[in-house]
Structure formats: C-alpha cells, structure tokens
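Below is one structure, written out as structure tokens; the observations come after it.
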Amino acid sequence: MTKTAMHFDENQVRDALVKAWSLETAVQWTEENPASGQCNVTAAVIFDLFGGEILRTRLPEVWHYYNRIDGARYDLTDSQFTAPGARFDAPESYDDEASSREAAMRTIPQREYDTLKGALLKHLAV
C-alpha cells in the first residue's frame, strides 16, 4: 500500500483537532482540556495522514508523542500542558527521540484511533 500524504496546514489541523478530540478518542479528554491524553493517538493519525516522523519526549511516568513534518516539529497537543486540569508541565526542552507508529499506538485502542481519524477528516472537510 502506498501512502500519499495530504497537504499539512498547521492552523487548519489544530482547529480541526480541537473539534475532533473527545472522550471517544482519549479517556483523559475534558471540555476544559480537550488535548489531554491525546498525544499518542494524535501523533499516529497525523503521521498516517501527513507523513513525516513520530517523535517522543520523556515526561514524568509517560512518553509524550508528537510529529516532525518537512523537518519542523509539531506538538499538536501542547495545549494540554497549559489548559485547566493539566496532568503534566510542558517539557523544558524536547528530546526529539525518534519513535514509531507502533510505539505511539501501543496503549491506544484501535477504536480511539479510528474515531479520531474519522472526526479529523470530517472537520478538515476531506
């Protein structure tokens, strides 16, 4: 299967993600902090739709996943660190450790991935 990446527009994707995230895409989701718990599933969906790489940074007790597309780092769930109910502080610096889709998906049920991908595509109007 050949993967054809879509055109990546950070602002458009961020706007669509806020609408796409839900309790169905991560159990940590809240209305006040919609990005909470969404990093691994978001990194996997973004990788599948836009290509690039999946990177990670160590936070206390967990890995934080994000993407690099065309050489630029995009942490599309970074709002979770500053929103009400934040579970973790923002990383002081990013490790940018190379990771994989498999690692990001290791603790994510397929239904959460499928739900986020479908909702994101809908909100991107693809």
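Ligands are numbered from 1 in the order shown, residues from 1 within each chain, and chains are lettered A, B, ... in the order they appear in the structure tokens.
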List as a count of residues only the protein and nucleic acid residues near region 20-30 of chain A, meaning an atom at most 12 Å away when only C-alpha atoms are counted, but skip any in the same chain fewer than 5 places from it. 39
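Computed from the coordinates, the CA of Ser100 (chain A) to CA of Ala44 (chain A) distance equals 8.4 Å.
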What parts of chain A does DSSP call strand (DSSP E)? I'd like the answer as number ranges by chain. A: 53-59, 62-69, 72-74, 97-98
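Counting only C-alpha atoms, the residue from A:Glu31, A:Glu61, A:Asp48, A:Asp70 that sits nearest to Asp9 (chain A) is A:Asp70.
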What residues in chain A get the DSSP label alpha helix (DSSP H)? Please answer as a VMD selection string. chain A and resid 10 to 20 39 to 50 101 to 105 110 to 123
Could you write out the selected residues, including C-alpha atoms, as a PDB file, in the first residue's frame?
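Written output follows (out_38.pdb):
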```
ATOM      1  CA  GLU A  10      -0.811  23.627  10.990  1.00  0.00           C
ATOM      2  CA  ASN A  11      -3.550  26.143  11.791  1.00  0.00           C
ATOM      3  CA  GLN A  12      -6.194  24.205   9.874  1.00  0.00           C
ATOM      4  CA  VAL A  13      -5.170  20.933  11.541  1.00  0.00           C
ATOM      5  CA  ARG A  14      -5.090  22.462  15.046  1.00  0.00           C
ATOM      6  CA  ASP A  15      -8.583  23.925  14.562  1.00  0.00           C
ATOM      7  CA  ALA A  16      -9.914  20.597  13.297  1.00  0.00           C
ATOM      8  CA  LEU A  17      -8.279  18.616  16.120  1.00  0.00           C
ATOM      9  CA  VAL A  18      -9.971  20.688  18.828  1.00  0.00           C
ATOM     10  CA  LYS A  19     -13.306  19.734  17.239  1.00  0.00           C
ATOM     11  CA  ALA A  20     -12.277  16.103  16.644  1.00  0.00           C
ATOM     12  CA  CYS A  39      -0.767  12.849  22.200  1.00  0.00           C
ATOM     13  CA  ASN A  40      -0.179   9.234  21.086  1.00  0.00           C
ATOM     14  CA  VAL A  41      -3.370   8.835  19.087  1.00  0.00           C
ATOM     15  CA  THR A  42      -2.939  12.285  17.526  1.00  0.00           C
ATOM     16  CA  ALA A  43       0.695  11.589  16.574  1.00  0.00           C
ATOM     17  CA  ALA A  44      -0.335   8.315  14.885  1.00  0.00           C
ATOM     18  CA  VAL A  45      -3.236   9.862  12.952  1.00  0.00           C
ATOM     19  CA  ILE A  46      -1.154  12.864  11.857  1.00  0.00           C
ATOM     20  CA  PHE A  47       1.646  10.536  10.736  1.00  0.00           C
ATOM     21  CA  ASP A  48      -0.774   8.430   8.692  1.00  0.00           C
ATOM     22  CA  LEU A  49      -2.418  11.442   7.050  1.00  0.00           C
ATOM     23  CA  PHE A  50       0.529  13.791   6.548  1.00  0.00           C
ATOM     24  CA  ARG A 101       3.608   4.492  14.879  1.00  0.00           C
ATOM     25  CA  GLU A 102       3.669   1.133  16.668  1.00  0.00           C
ATOM     26  CA  ALA A 103       5.122   2.685  19.836  1.00  0.00           C
ATOM     27  CA  ALA A 104       2.579   5.516  19.789  1.00  0.00           C
ATOM     28  CA  MET A 105      -0.288   3.035  19.324  1.00  0.00           C
ATOM     29  CA  GLN A 110      -7.917   0.893  17.652  1.00  0.00           C
ATOM     30  CA  ARG A 111     -11.416   2.369  18.139  1.00  0.00           C
ATOM     31  CA  GLU A 112      -9.893   5.579  19.566  1.00  0.00           C
ATOM     32  CA  TYR A 113      -7.627   5.857  16.520  1.00  0.00           C
ATOM     33  CA  ASP A 114     -10.496   5.162  14.107  1.00  0.00           C
ATOM     34  CA  THR A 115     -12.740   7.697  15.871  1.00  0.00           C
ATOM     35  CA  LEU A 116     -10.104  10.451  15.823  1.00  0.00           C
ATOM     36  CA  LYS A 117      -9.115   9.839  12.219  1.00  0.00           C
ATOM     37  CA  GLY A 118     -12.739   9.903  11.045  1.00  0.00           C
ATOM     38  CA  ALA A 119     -13.593  13.030  13.055  1.00  0.00           C
ATOM     39  CA  LEU A 120     -10.422  14.834  11.934  1.00  0.00           C
ATOM     40  CA  LEU A 121     -11.105  14.089   8.267  1.00  0.00           C
ATOM     41  CA  LYS A 122     -14.671  15.316   8.707  1.00  0.00           C
ATOM     42  CA  HIS A 123     -13.531  18.584  10.301  1.00  0.00           C
TER      43      HIS A 123
END
```
Find the residues near Tyr94 (chain A): any atom within 9 Å, counting only C-alpha atoms, skip ones fewer than 2 places away on the same chain, and give them as a ChimeraX atom specification. /A:56-58,91-92,96-97
How about saving the chosen residues, N, CA and C atoms kept, as a JSON list (two decimals), in the first residue's frame?
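So again02.json came out as:
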```json
[["chain", "number", "residue", "atom", "x", "y", "z"],
["A", 56, "ARG", "N", 9.26, 11.51, 20.28],
["A", 56, "ARG", "CA", 8.76, 11.48, 21.65],
["A", 56, "ARG", "C", 9.76, 12.13, 22.60],
["A", 57, "THR", "N", 9.21, 12.57, 23.74],
["A", 57, "THR", "CA", 9.97, 13.19, 24.82],
["A", 57, "THR", "C", 9.48, 12.57, 26.12],
["A", 58, "ARG", "N", 10.41, 12.31, 27.02],
["A", 58, "ARG", "CA", 10.07, 11.70, 28.30],
["A", 58, "ARG", "C", 9.51, 12.76, 29.24],
["A", 91, "PRO", "N", 7.25, 20.21, 28.54],
["A", 91, "PRO", "CA", 8.67, 19.85, 28.60],
["A", 91, "PRO", "C", 9.53, 21.13, 28.57],
["A", 92, "GLU", "N", 10.58, 21.15, 29.38],
["A", 92, "GLU", "CA", 11.50, 22.28, 29.34],
["A", 92, "GLU", "C", 12.23, 22.31, 28.01],
["A", 96, "ASP", "N", 13.14, 14.96, 21.16],
["A", 96, "ASP", "CA", 13.02, 14.60, 19.74],
["A", 96, "ASP", "C", 13.57, 13.21, 19.45],
["A", 97, "GLU", "N", 13.30, 12.28, 20.36],
["A", 97, "GLU", "CA", 13.72, 10.89, 20.16],
["A", 97, "GLU", "C", 12.86, 10.27, 19.07]]
```
One decimal place gives the CA of Glu32 (chain A)-CA of His64 (chain A) separation as 19.8 Å
